[in-house]
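Some notes on the structure that comes next.
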Protein chains: 2
Amino acid sequence: MDRIGKNMRLTNQRQVILEELQKVASHPTASEVYDMVRKRLPRIGLGTVYRNLELLADHRIITKLEMGGEQKRFDGNATNHYHIRCLHCGRVDDIELSRMAGIEERAASCTAYEIVDHHIQFSGICDNCKREKM
Amino acid sequence: MDRIGKNMRLTNQRQVILEELQKVASHPTASEVYDMVRKRLPRIGLGTVYRNLELLADHRIITKLEMGGEQKRFDGNATNHYHIRCLHCGRVDDIELSRMAGIEERAASCTAYEIVDHHIQFSGICDNCKREKM
DNA sequence: CTCAGTGCAAACGATTTGCAGGGCC
DNA sequence: GGCCCTGCAAATCGTTTGCACTGAG
């Protein structure tokens with residue numbers, strides 16, 4: 001069986017979770033992933049889904065998003081990019097804006113922190129919710 | 001008694017919560033606020049603290065921060081500014097970087113969302129944690 | 001055989017809520 | 001008197017974890 005890292009096998013459950021996550025453009029919550037995966041693996045446990053999403057995120061194969069809202073969301077795309085969240089329905093989408101150059105350096109000059117990363121999150125009203133309001 | 005808004009009184013509990021929150025530069029969690037407030041109002045309930053922090057945030061008197069990590073944090077400063085979180089100890093500080101001009105307009109040009117706001121969060125290692133590592 | 005991985009259910013921690021009592025207007 | 005607000009405790013919700021079992025190497 002394939003391996004993801006040292007002491008980590010690419011099990012069927014992991015593969016299905018990864019495939020389902022990368023198949024969608026949305027940024028599903030753990031239980032949404034659970035629902036998607038359960039169609040192919042009806043006996044999978046929610047705990048397994050959580051454990052593997054965490055593991056895949058640790059290995060930088062997917063990204064864990066901690067935006068506002070109650071639940072964490074997962075992004076099948078591991079490249080660092082910005083996001084926007086709908087204030088009305090909670091949905092999260094990518095923003096295809098190139099990463100701000102030099103912003104971390106500028107921030108570094110006004111803090112004692114050693115800066116590691118940055119993330120920009122926009123908030124607004126998505127197209128669906130805009131229409132509903134009319 | 002003073003009022004904060006329509007149908008909302010500035011009760012003693014609310015005033016103490018607000019004062020304690022605005023007194024500190026840190027961005028305490030709800031239970032940290034609870035501990036701070038309890039020194040002055042020993043019989044206050046945790047539910048009251050949660051309810052009032054939420055209410056004050058709704059009225060834009062304070063800010064609710066939903067950064068990574070498990071607990072939400074509260075900022076006695078209602079003006080919109082950027083933050084940095086320590087990846088090691090979880091502490092959150094302000095970043096005195098002026099707001100990026102035009103970034104929302106640029107984002108608007110590549111999404112169907114109606115953009116309302118944006119927030120930049122940096123992550124890194126705070127001064128204390130840097131020293132501990134040495 | 002060993003040990004990582006799993007399903008299941010119970011545990012956990014942060015937050016919310018129902019309710020009965022209390023106090024301002 | 002009405003209604004906002006509170007303290008308290010129980011409930012809720014997302015997430016984590018302990019455990020016994022399974023299966024790959």
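Numbering starts fresh at 1 for the residues of each chain in the structure tokens, the chains themselves are lettered A, B, ... in the order given, and ligands are numbered from 1 as they appear.
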
### Message
At a cut-off of 8 Å, using only C-alpha atoms (C1' of nucleotides), what residues contact region 123-133 of chain B? Leave out same-chain residues fewer than 5 positions from it and give the result as a PyMOL selection string.
### Response
(chain A and resi 112-118) or (chain B and resi 84-89+91)

Selection to disk with N, CA, C and O atoms, as a short mmCIF file (atom, residue, chain, number, x, y, z; two decimals), in the first residue's frame:
```
data_model
loop_
_atom_site.label_atom_id
_atom_site.label_comp_id
_atom_site.auth_asym_id
_atom_site.auth_seq_id
_atom_site.Cartn_x
_atom_site.Cartn_y
_atom_site.Cartn_z
N ALA A 112 7.07 42.45 17.86
CA ALA A 112 8.21 41.66 18.34
C ALA A 112 8.07 40.20 17.94
O ALA A 112 8.97 39.40 18.15
N TYR A 113 6.92 39.86 17.36
CA TYR A 113 6.71 38.47 16.93
C TYR A 113 7.64 38.12 15.78
O TYR A 113 8.00 38.99 14.97
N GLU A 114 7.97 36.86 15.71
CA GLU A 114 8.60 36.34 14.50
C GLU A 114 7.45 35.86 13.61
O GLU A 114 6.72 34.95 13.98
N ILE A 115 7.28 36.50 12.48
CA ILE A 115 6.10 36.21 11.66
C ILE A 115 6.32 34.96 10.81
O ILE A 115 7.37 34.79 10.20
N VAL A 116 5.33 34.11 10.81
CA VAL A 116 5.44 32.85 10.08
C VAL A 116 4.54 32.84 8.85
O VAL A 116 4.91 32.32 7.81
N ASP A 117 3.36 33.41 8.98
CA ASP A 117 2.40 33.31 7.88
C ASP A 117 1.35 34.41 8.04
O ASP A 117 1.31 35.10 9.05
N HIS A 118 0.53 34.55 7.03
CA HIS A 118 -0.60 35.46 7.16
C HIS A 118 -1.76 34.91 6.33
O HIS A 118 -1.55 34.08 5.44
N ILE B 84 -2.30 39.40 15.30
CA ILE B 84 -1.33 38.31 15.15
C ILE B 84 -1.51 37.34 16.29
O ILE B 84 -1.77 37.75 17.43
N ARG B 85 -1.40 36.06 15.97
CA ARG B 85 -1.59 35.04 16.99
C ARG B 85 -0.32 34.20 17.11
O ARG B 85 0.28 33.83 16.10
N CYS B 86 0.05 33.91 18.34
CA CYS B 86 1.23 33.09 18.57
C CYS B 86 0.87 31.62 18.37
O CYS B 86 -0.04 31.09 19.01
N LEU B 87 1.58 30.98 17.49
CA LEU B 87 1.31 29.58 17.18
C LEU B 87 1.67 28.68 18.35
O LEU B 87 1.21 27.55 18.44
N HIS B 88 2.47 29.20 19.25
CA HIS B 88 2.95 28.37 20.35
C HIS B 88 2.08 28.47 21.59
O HIS B 88 1.69 27.47 22.16
N CYS B 89 1.73 29.70 21.99
CA CYS B 89 0.96 29.84 23.23
C CYS B 89 -0.46 30.35 22.99
O CYS B 89 -1.26 30.41 23.93
N ARG B 91 -1.55 33.31 22.32
CA ARG B 91 -1.86 34.70 22.63
C ARG B 91 -2.07 35.52 21.36
O ARG B 91 -1.49 35.23 20.32
#
```

### Task
Please give the complete set of residues from chain A that DSSP, run on the backbone, assigns to strand (DSSP E), formatted as a PyMOL selection string.
chain A and resi 3-5+8-9+63-65+73-75+82-86+92-95+114-125

### Task
Using only C-alpha atoms, find the one residue out of B:Leu41, B:Ile61, B:Ile4, B:Ile120 that sits nearest to chain A.
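Among the listed residues, B:Ile120 lies closest to chain A.
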
#### Entry: Shell of 12 Å around DA9 (chain D), only C-alpha atoms (C1' of nucleotides), local chain residues under 6 positions omitted, as a ChimeraX atom specification
/B:45-47 /C:17-20

Output the selection as an mmCIF file, in the first residue's frame - all heavy atoms for each residue.
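The new file result.cif reads:
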```cif
data_model
loop_
_atom_site.group_PDB
_atom_site.id
_atom_site.type_symbol
_atom_site.label_atom_id
_atom_site.label_comp_id
_atom_site.auth_asym_id
_atom_site.auth_seq_id
_atom_site.Cartn_x
_atom_site.Cartn_y
_atom_site.Cartn_z
ATOM 1 N N GLY B 45 -22.604 35.147 36.744
ATOM 2 C CA GLY B 45 -22.585 33.832 36.115
ATOM 3 C C GLY B 45 -21.852 33.862 34.784
ATOM 4 O O GLY B 45 -21.810 34.890 34.111
ATOM 5 N N LEU B 46 -21.304 32.723 34.429
ATOM 6 C CA LEU B 46 -20.574 32.640 33.166
ATOM 7 C C LEU B 46 -21.513 32.916 31.992
ATOM 8 O O LEU B 46 -21.135 33.554 31.009
ATOM 9 C CB LEU B 46 -19.942 31.246 33.026
ATOM 10 C CG LEU B 46 -19.095 30.964 31.790
ATOM 11 C CD1 LEU B 46 -17.983 31.974 31.623
ATOM 12 C CD2 LEU B 46 -18.513 29.556 31.869
ATOM 13 N N GLY B 47 -22.741 32.473 32.109
ATOM 14 C CA GLY B 47 -23.733 32.723 31.067
ATOM 15 C C GLY B 47 -23.957 34.199 30.833
ATOM 16 O O GLY B 47 -24.077 34.648 29.690
ATOM 17 P P DT C 17 -28.870 29.745 21.940
ATOM 18 O OP1 DT C 17 -29.449 29.322 20.657
ATOM 19 O OP2 DT C 17 -28.678 31.163 22.262
ATOM 20 O "O5'" DT C 17 -29.731 29.077 23.115
ATOM 21 C "C5'" DT C 17 -29.622 27.677 23.330
ATOM 22 C "C4'" DT C 17 -30.486 27.283 24.517
ATOM 23 O "O4'" DT C 17 -29.706 27.337 25.731
ATOM 24 C "C3'" DT C 17 -31.701 28.187 24.754
ATOM 25 O "O3'" DT C 17 -32.779 27.350 25.114
ATOM 26 C "C2'" DT C 17 -31.265 29.063 25.923
ATOM 27 C "C1'" DT C 17 -30.384 28.111 26.701
ATOM 28 N N1 DT C 17 -29.335 28.720 27.547
ATOM 29 C C2 DT C 17 -29.024 28.115 28.751
ATOM 30 O O2 DT C 17 -29.578 27.124 29.154
ATOM 31 N N3 DT C 17 -28.018 28.723 29.457
ATOM 32 C C4 DT C 17 -27.310 29.851 29.092
ATOM 33 O O4 DT C 17 -26.427 30.297 29.819
ATOM 34 C C5 DT C 17 -27.688 30.436 27.826
ATOM 35 C C7 DT C 17 -26.987 31.656 27.348
ATOM 36 C C6 DT C 17 -28.668 29.849 27.123
ATOM 37 P P DG C 18 -34.285 27.860 24.994
ATOM 38 O OP1 DG C 18 -34.874 27.164 23.844
ATOM 39 O OP2 DG C 18 -34.299 29.344 25.069
ATOM 40 O "O5'" DG C 18 -34.925 27.272 26.329
ATOM 41 C "C5'" DG C 18 -34.513 25.984 26.825
ATOM 42 C "C4'" DG C 18 -35.061 25.767 28.227
ATOM 43 O "O4'" DG C 18 -34.088 26.237 29.191
ATOM 44 C "C3'" DG C 18 -36.352 26.511 28.543
ATOM 45 O "O3'" DG C 18 -37.093 25.728 29.470
ATOM 46 C "C2'" DG C 18 -35.849 27.821 29.152
ATOM 47 C "C1'" DG C 18 -34.576 27.372 29.888
ATOM 48 N N9 DG C 18 -33.490 28.346 29.924
ATOM 49 C C8 DG C 18 -33.126 29.217 28.935
ATOM 50 N N7 DG C 18 -32.079 29.946 29.250
ATOM 51 C C5 DG C 18 -31.738 29.523 30.522
ATOM 52 C C6 DG C 18 -30.686 29.940 31.383
ATOM 53 O O6 DG C 18 -29.817 30.799 31.189
ATOM 54 N N1 DG C 18 -30.701 29.259 32.596
ATOM 55 C C2 DG C 18 -31.615 28.287 32.935
ATOM 56 N N2 DG C 18 -31.472 27.741 34.127
ATOM 57 N N3 DG C 18 -32.597 27.876 32.139
ATOM 58 C C4 DG C 18 -32.595 28.542 30.956
ATOM 59 P P DC C 19 -38.520 26.170 29.961
ATOM 60 O OP1 DC C 19 -39.312 24.926 30.103
ATOM 61 O OP2 DC C 19 -39.030 27.289 29.142
ATOM 62 O "O5'" DC C 19 -38.189 26.706 31.422
ATOM 63 C "C5'" DC C 19 -37.295 25.969 32.266
ATOM 64 C "C4'" DC C 19 -37.071 26.732 33.559
ATOM 65 O "O4'" DC C 19 -35.911 27.597 33.412
ATOM 66 C "C3'" DC C 19 -38.240 27.654 33.932
ATOM 67 O "O3'" DC C 19 -38.490 27.563 35.319
ATOM 68 C "C2'" DC C 19 -37.725 29.042 33.563
ATOM 69 C "C1'" DC C 19 -36.240 28.876 33.900
ATOM 70 N N1 DC C 19 -35.359 29.871 33.258
ATOM 71 C C2 DC C 19 -34.230 30.334 33.962
ATOM 72 O O2 DC C 19 -34.009 29.891 35.084
ATOM 73 N N3 DC C 19 -33.416 31.249 33.380
ATOM 74 C C4 DC C 19 -33.690 31.700 32.149
ATOM 75 N N4 DC C 19 -32.852 32.596 31.618
ATOM 76 C C5 DC C 19 -34.830 31.252 31.423
ATOM 77 C C6 DC C 19 -35.635 30.348 32.003
ATOM 78 P P DA C 20 -40.024 27.891 35.861
ATOM 79 O OP1 DA C 20 -40.789 26.632 35.818
ATOM 80 O OP2 DA C 20 -40.542 29.106 35.191
ATOM 81 O "O5'" DA C 20 -39.724 28.250 37.381
ATOM 82 C "C5'" DA C 20 -38.511 27.797 38.022
ATOM 83 C "C4'" DA C 20 -37.927 28.948 38.824
ATOM 84 O "O4'" DA C 20 -37.123 29.786 37.948
ATOM 85 C "C3'" DA C 20 -38.972 29.868 39.457
ATOM 86 O "O3'" DA C 20 -38.525 30.213 40.758
ATOM 87 C "C2'" DA C 20 -39.001 31.068 38.521
ATOM 88 C "C1'" DA C 20 -37.526 31.130 38.102
ATOM 89 N N9 DA C 20 -37.274 31.819 36.834
ATOM 90 C C8 DA C 20 -38.081 31.876 35.718
ATOM 91 N N7 DA C 20 -37.578 32.570 34.727
ATOM 92 C C5 DA C 20 -36.363 33.005 35.212
ATOM 93 C C6 DA C 20 -35.342 33.795 34.644
ATOM 94 N N6 DA C 20 -35.390 34.290 33.407
ATOM 95 N N1 DA C 20 -34.244 34.054 35.400
ATOM 96 C C2 DA C 20 -34.196 33.554 36.643
ATOM 97 N N3 DA C 20 -35.093 32.792 37.293
ATOM 98 C C4 DA C 20 -36.162 32.559 36.502
#
```

Taking only C-alpha atoms (C1' of nucleotides) into account, report as a PDB file with C-alpha atoms (C1' of nucleotides), in the first residue's frame which residues of chain C lie within 12 Å of chain B.
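Written out: selection-v8.pdb:
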```pdb
ATOM      1  C1'  DG C  13     -14.824  21.716  26.441  1.00  0.00           C
ATOM      2  C1'  DA C  14     -16.767  25.853  24.817  1.00  0.00           C
ATOM      3  C1'  DT C  15     -20.949  27.996  24.364  1.00  0.00           C
ATOM      4  C1'  DT C  16     -26.013  28.404  24.659  1.00  0.00           C
ATOM      5  C1'  DT C  17     -30.384  28.111  26.701  1.00  0.00           C
ATOM      6  C1'  DG C  23     -35.230  45.043  39.845  1.00  0.00           C
ATOM      7  C1'  DC C  24     -35.656  49.156  36.910  1.00  0.00           C
ATOM      8  C1'  DC C  25     -39.092  52.317  34.631  1.00  0.00           C
TER       9       DC C  25
END
```

### Task
Write down as a ChimeraX atom specification the residues of chain A whose backbone DSSP state falls under alpha helix (DSSP H).
/A:12-23,30-38,46-58,103-108,127-133

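A straight line drawn from CA of Lys23 (chain B) to CA of Gly76 (chain B) is 7.9 Å long.
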
### Message
Could you list, as a ChimeraX atom specification, every residue within 12 Å of DG22 (chain C), counting only C-alpha atoms (C1' of nucleotides) and ignoring same-chain residues fewer than 3 positions away?
### Response
/D:3-7

May I have a table of the residues of chain D lying at most 12 Å from chain A, giving each one's closest pair of atoms and their distance in Å to one decimal, counting only C-alpha atoms (C1' of nucleotides), ordered by chain and ascending residue number, as a tab-separated table?
```
residue	atom	partner	partner_atom	distance
D:DC13	C1'	A:Glu70	CA	9.1
D:DG14	C1'	A:Gln71	CA	6.7
D:DT15	C1'	A:Tyr50	CA	7.9
D:DT16	C1'	A:Gly47	CA	8.0
D:DT17	C1'	A:Gly47	CA	9.1
D:DG23	C1'	A:Thr11	CA	11.0
D:DA24	C1'	A:Met1	CA	8.2
D:DG25	C1'	A:Met1	CA	9.2
```

Shell around Thr29 (chain A) at 9 Å using only C-alpha atoms (C1' of nucleotides), local window under 3 positions removed, as a compact mmCIF listing (two decimals) with N, CA, C and O atoms, in the first residue's frame:
```txt
# COMPACT_ATOMS: atom_id res chain seq x y z
N GLU A 32 -19.79 17.44 6.86
CA GLU A 32 -20.14 17.39 5.43
C GLU A 32 -19.24 16.39 4.71
O GLU A 32 -19.70 15.63 3.86
N VAL A 33 -17.97 16.38 5.06
CA VAL A 33 -17.07 15.39 4.49
C VAL A 33 -17.53 13.99 4.87
O VAL A 33 -17.58 13.08 4.04
N TYR A 34 -17.91 13.85 6.11
CA TYR A 34 -18.44 12.57 6.61
C TYR A 34 -19.60 12.10 5.75
O TYR A 34 -19.64 10.94 5.30
N GLN A 71 -17.95 25.84 12.98
CA GLN A 71 -17.23 24.65 12.60
C GLN A 71 -16.01 24.96 11.76
O GLN A 71 -16.00 25.91 10.99
N LYS A 72 -15.00 24.12 11.91
CA LYS A 72 -13.83 24.25 11.04
C LYS A 72 -14.20 23.71 9.67
O LYS A 72 -15.07 22.87 9.52
N ARG A 73 -13.49 24.21 8.66
CA ARG A 73 -13.73 23.76 7.29
C ARG A 73 -12.43 23.26 6.70
O ARG A 73 -11.35 23.61 7.17
N PHE A 74 -12.57 22.44 5.66
CA PHE A 74 -11.38 21.85 5.06
C PHE A 74 -11.32 22.14 3.58
O PHE A 74 -12.35 22.15 2.90
```

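One distance worth recording is that between CA of Met67 (chain B) and CA of Gly90 (chain A), which is 15.7 Å.
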
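Closest to chain A among B:Ala78, B:Asp94, B:Glu66, B:Glu105 is B:Glu66, based on only C-alpha atoms.
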
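Of note, CA of Ala108 (chain B) and CA of Arg60 (chain B) are spaced 24.5 Å apart.
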
### Message
I'd like the neighbourhood of Arg99 (chain B) as a PyMOL selection string, where a residue qualifies if any of its atoms comes within 10 Å (using only C-alpha atoms (C1' of nucleotides)), though same-chain residues fewer than 4 positions away should be ignored.
### Response
chain B and resi 80-82+103+118-120
